[in-house]
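Written out below as structure tokens is the structure these notes cover.
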Amino acid sequence: ELTNPVPLYVTDLPLATEPGGDNDTVATAAAITTPVVVNGRIEKEADLDLYGFEAKAGQALTIEVLGRRYASRLDPYVRILNDQGQPLRE
């Protein structure tokens, strides 16, 4: 018996899976190294997932959420913060 179609994302980039436990504050952000594909998950209503990485002024990065393209009902909100937790981009 077949199930509903399930989209797959294939990449040659390293994969970072969201760690168990708390990563919803700047102090507990999960450390990642770019380039990377992050596989996050929603654990509770209004869940936040923070990831910390090194970046230099003027460095170009692409940050993309694929949930909607894969028929997810997730309504993502991406914020880029500095190491003090202050917004750089929203």
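Just so we're on the same page: first chain in the structure tokens is A, next is B, and so on; residues restart at 1 for each chain, and ligands are numbered from 1 in the order they show up.
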Strand (DSSP E or B) positions in chain A, given as a PDB file with N, CA and C atoms, in the first residue's frame:
ATOM      1  N   LEU A  15      24.362  18.319   6.844  1.00  0.00           N
ATOM      2  CA  LEU A  15      23.048  18.431   7.474  1.00  0.00           C
ATOM      3  C   LEU A  15      23.209  18.584   8.983  1.00  0.00           C
ATOM      4  N   ALA A  16      22.543  19.582   9.541  1.00  0.00           N
ATOM      5  CA  ALA A  16      22.493  19.768  10.992  1.00  0.00           C
ATOM      6  C   ALA A  16      21.066  19.486  11.438  1.00  0.00           C
ATOM      7  N   THR A  17      20.884  18.505  12.284  1.00  0.00           N
ATOM      8  CA  THR A  17      19.570  18.174  12.827  1.00  0.00           C
ATOM      9  C   THR A  17      19.397  18.904  14.148  1.00  0.00           C
ATOM     10  N   ALA A  30      21.790  26.615  19.114  1.00  0.00           N
ATOM     11  CA  ALA A  30      22.585  25.486  18.625  1.00  0.00           C
ATOM     12  C   ALA A  30      23.658  26.011  17.678  1.00  0.00           C
ATOM     13  N   ALA A  31      24.899  25.643  17.908  1.00  0.00           N
ATOM     14  CA  ALA A  31      26.006  26.083  17.062  1.00  0.00           C
ATOM     15  C   ALA A  31      26.032  25.291  15.763  1.00  0.00           C
ATOM     16  N   VAL A  37      22.667  22.708   5.805  1.00  0.00           N
ATOM     17  CA  VAL A  37      21.211  22.623   5.735  1.00  0.00           C
ATOM     18  C   VAL A  37      20.744  22.232   7.130  1.00  0.00           C
ATOM     19  N   VAL A  38      19.832  23.023   7.700  1.00  0.00           N
ATOM     20  CA  VAL A  38      19.329  22.756   9.050  1.00  0.00           C
ATOM     21  C   VAL A  38      17.992  22.046   8.948  1.00  0.00           C
ATOM     22  N   ASN A  39      17.880  20.940   9.648  1.00  0.00           N
ATOM     23  CA  ASN A  39      16.634  20.183   9.706  1.00  0.00           C
ATOM     24  C   ASN A  39      16.020  20.432  11.084  1.00  0.00           C
ATOM     25  N   TYR A  51      19.860  29.267  16.074  1.00  0.00           N
ATOM     26  CA  TYR A  51      21.116  28.670  15.636  1.00  0.00           C
ATOM     27  C   TYR A  51      22.164  29.769  15.584  1.00  0.00           C
ATOM     28  N   GLY A  52      23.345  29.474  16.074  1.00  0.00           N
ATOM     29  CA  GLY A  52      24.435  30.441  16.061  1.00  0.00           C
ATOM     30  C   GLY A  52      25.500  30.029  15.068  1.00  0.00           C
ATOM     31  N   ILE A  80      17.575  37.561  11.853  1.00  0.00           N
ATOM     32  CA  ILE A  80      19.027  37.455  11.970  1.00  0.00           C
ATOM     33  C   ILE A  80      19.434  38.375  13.115  1.00  0.00           C
ATOM     34  N   LEU A  81      20.068  37.801  14.137  1.00  0.00           N
ATOM     35  CA  LEU A  81      20.460  38.548  15.331  1.00  0.00           C
ATOM     36  C   LEU A  81      21.981  38.605  15.437  1.00  0.00           C
ATOM     37  N   PRO A  87      18.377  42.443  16.672  1.00  0.00           N
ATOM     38  CA  PRO A  87      18.041  42.135  15.265  1.00  0.00           C
ATOM     39  C   PRO A  87      18.928  42.888  14.271  1.00  0.00           C
ATOM     40  N   LEU A  88      19.408  42.153  13.276  1.00  0.00           N
ATOM     41  CA  LEU A  88      20.102  42.742  12.139  1.00  0.00           C
ATOM     42  C   LEU A  88      19.197  42.759  10.921  1.00  0.00           C
ATOM     43  N   ARG A  89      18.417  41.684  10.736  1.00  0.00           N
ATOM     44  CA  ARG A  89      17.465  41.565   9.626  1.00  0.00           C
ATOM     45  C   ARG A  89      16.250  40.772  10.085  1.00  0.00           C
TER      46      ARG A  89
END
Practice task
Can you list, as a ChimeraX atom specification, all residues belonging to segment 16-83 of chain A that DSSP tags as helix (DSSP H, G or I)?
Solution key: /A:67-70
Completion exercise
From atom CA of Glu43 of chain A to atom CA of Pro7 of chain A the spacing works out at 21.0 Å
Practice task
Tell me, as a PyMOL selection string, which residues lie within 8 Å of Asp49 of chain A, counting only C-alpha atoms; anything in the same chain fewer than 4 positions away does not count.
Solution key: chain A and resi 23-25+29+40
Kindly provide the residues of segment 5-47 of chain A that approach segment 54-78 of chain A to within 12 Å, each paired with its closest atom pair and their distance in Å to one decimal, based on only C-alpha atoms, listed by chain and increasing number, as JSON lines.
{"residue": "A:Pro5", "atom": "CA", "partner": "A:Tyr70", "partner_atom": "CA", "distance": 10.3}
{"residue": "A:Val6", "atom": "CA", "partner": "A:Tyr70", "partner_atom": "CA", "distance": 8.1}
{"residue": "A:Pro7", "atom": "CA", "partner": "A:Tyr70", "partner_atom": "CA", "distance": 6.3}
{"residue": "A:Leu8", "atom": "CA", "partner": "A:Tyr70", "partner_atom": "CA", "distance": 8.6}
{"residue": "A:Tyr9", "atom": "CA", "partner": "A:Leu66", "partner_atom": "CA", "distance": 9.2}
{"residue": "A:Ala31", "atom": "CA", "partner": "A:Glu54", "partner_atom": "CA", "distance": 9.1}
{"residue": "A:Ile32", "atom": "CA", "partner": "A:Glu54", "partner_atom": "CA", "distance": 8.4}
{"residue": "A:Thr33", "atom": "CA", "partner": "A:Glu54", "partner_atom": "CA", "distance": 7.3}
{"residue": "A:Thr34", "atom": "CA", "partner": "A:Glu54", "partner_atom": "CA", "distance": 7.9}
{"residue": "A:Pro35", "atom": "CA", "partner": "A:Leu61", "partner_atom": "CA", "distance": 8.7}
{"residue": "A:Val36", "atom": "CA", "partner": "A:Ile63", "partner_atom": "CA", "distance": 10.0}
{"residue": "A:Val37", "atom": "CA", "partner": "A:Ile63", "partner_atom": "CA", "distance": 9.4}
{"residue": "A:Val38", "atom": "CA", "partner": "A:Val65", "partner_atom": "CA", "distance": 9.5}
{"residue": "A:Asn39", "atom": "CA", "partner": "A:Val65", "partner_atom": "CA", "distance": 10.0}
{"residue": "A:Gly40", "atom": "CA", "partner": "A:Val65", "partner_atom": "CA", "distance": 10.0}
{"residue": "A:Arg41", "atom": "CA", "partner": "A:Leu74", "partner_atom": "CA", "distance": 10.1}
{"residue": "A:Ile42", "atom": "CA", "partner": "A:Leu74", "partner_atom": "CA", "distance": 8.7}
{"residue": "A:Glu45", "atom": "CA", "partner": "A:Leu74", "partner_atom": "CA", "distance": 10.8}
{"residue": "A:Ala46", "atom": "CA", "partner": "A:Asp75", "partner_atom": "CA", "distance": 10.2}
{"residue": "A:Asp47", "atom": "CA", "partner": "A:Pro76", "partner_atom": "CA", "distance": 10.4}
Same residues, N, CA and C atoms, output as an mmCIF file, in the first residue's frame:
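Writing the result to selection_22.cif gives the following:
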data_model
loop_
_atom_site.group_PDB
_atom_site.id
_atom_site.type_symbol
_atom_site.label_atom_id
_atom_site.label_comp_id
_atom_site.auth_asym_id
_atom_site.auth_seq_id
_atom_site.Cartn_x
_atom_site.Cartn_y
_atom_site.Cartn_z
ATOM 1 N N PRO A 5 2.232 11.196 -1.446
ATOM 2 C CA PRO A 5 3.580 11.578 -1.869
ATOM 3 C C PRO A 5 4.261 12.415 -0.784
ATOM 4 N N VAL A 6 5.538 12.191 -0.598
ATOM 5 C CA VAL A 6 6.315 12.933 0.385
ATOM 6 C C VAL A 6 7.502 13.566 -0.333
ATOM 7 N N PRO A 7 7.615 14.893 -0.312
ATOM 8 C CA PRO A 7 8.746 15.526 -0.998
ATOM 9 C C PRO A 7 10.059 15.267 -0.262
ATOM 10 N N LEU A 8 11.123 15.176 -1.019
ATOM 11 C CA LEU A 8 12.456 14.990 -0.466
ATOM 12 C C LEU A 8 13.336 16.151 -0.895
ATOM 13 N N TYR A 9 14.261 16.507 -0.044
ATOM 14 C CA TYR A 9 15.246 17.540 -0.381
ATOM 15 C C TYR A 9 16.601 16.859 -0.441
ATOM 16 N N ALA A 31 24.899 25.643 17.908
ATOM 17 C CA ALA A 31 26.006 26.083 17.062
ATOM 18 C C ALA A 31 26.032 25.291 15.763
ATOM 19 N N ILE A 32 26.137 26.010 14.638
ATOM 20 C CA ILE A 32 26.274 25.379 13.328
ATOM 21 C C ILE A 32 27.422 26.045 12.584
ATOM 22 N N THR A 33 27.939 25.358 11.588
ATOM 23 C CA THR A 33 28.985 25.895 10.729
ATOM 24 C C THR A 33 28.445 25.952 9.312
ATOM 25 N N THR A 34 28.525 27.117 8.692
ATOM 26 C CA THR A 34 28.043 27.270 7.316
ATOM 27 C C THR A 34 29.131 26.844 6.350
ATOM 28 N N PRO A 35 28.782 26.358 5.164
ATOM 29 C CA PRO A 35 27.419 26.133 4.679
ATOM 30 C C PRO A 35 26.813 24.882 5.307
ATOM 31 N N VAL A 36 25.484 24.897 5.465
ATOM 32 C CA VAL A 36 24.786 23.798 6.115
ATOM 33 C C VAL A 36 23.299 23.861 5.768
ATOM 34 N N VAL A 37 22.667 22.708 5.805
ATOM 35 C CA VAL A 37 21.211 22.623 5.735
ATOM 36 C C VAL A 37 20.744 22.232 7.130
ATOM 37 N N VAL A 38 19.832 23.023 7.700
ATOM 38 C CA VAL A 38 19.329 22.756 9.050
ATOM 39 C C VAL A 38 17.992 22.046 8.948
ATOM 40 N N ASN A 39 17.880 20.940 9.648
ATOM 41 C CA ASN A 39 16.634 20.183 9.706
ATOM 42 C C ASN A 39 16.020 20.432 11.084
ATOM 43 N N GLY A 40 15.146 21.431 11.157
ATOM 44 C CA GLY A 40 14.510 21.785 12.432
ATOM 45 C C GLY A 40 13.174 21.089 12.585
ATOM 46 N N ARG A 41 12.573 21.279 13.751
ATOM 47 C CA ARG A 41 11.246 20.710 13.992
ATOM 48 C C ARG A 41 10.506 21.596 14.990
ATOM 49 N N ILE A 42 9.203 21.560 14.905
ATOM 50 C CA ILE A 42 8.354 22.313 15.819
ATOM 51 C C ILE A 42 7.965 21.362 16.944
ATOM 52 N N GLU A 45 3.674 24.676 20.463
ATOM 53 C CA GLU A 45 3.091 25.874 19.883
ATOM 54 C C GLU A 45 4.004 27.064 20.151
ATOM 55 N N ALA A 46 4.199 27.904 19.149
ATOM 56 C CA ALA A 46 5.043 29.105 19.229
ATOM 57 C C ALA A 46 6.511 28.751 19.520
ATOM 58 N N ASP A 47 6.951 27.583 19.065
ATOM 59 C CA ASP A 47 8.330 27.134 19.271
ATOM 60 C C ASP A 47 9.309 28.062 18.567
#
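Relative to atom CA of Glu18 of chain A, atom CA of Leu2 of chain A is found at 28.9 Å.
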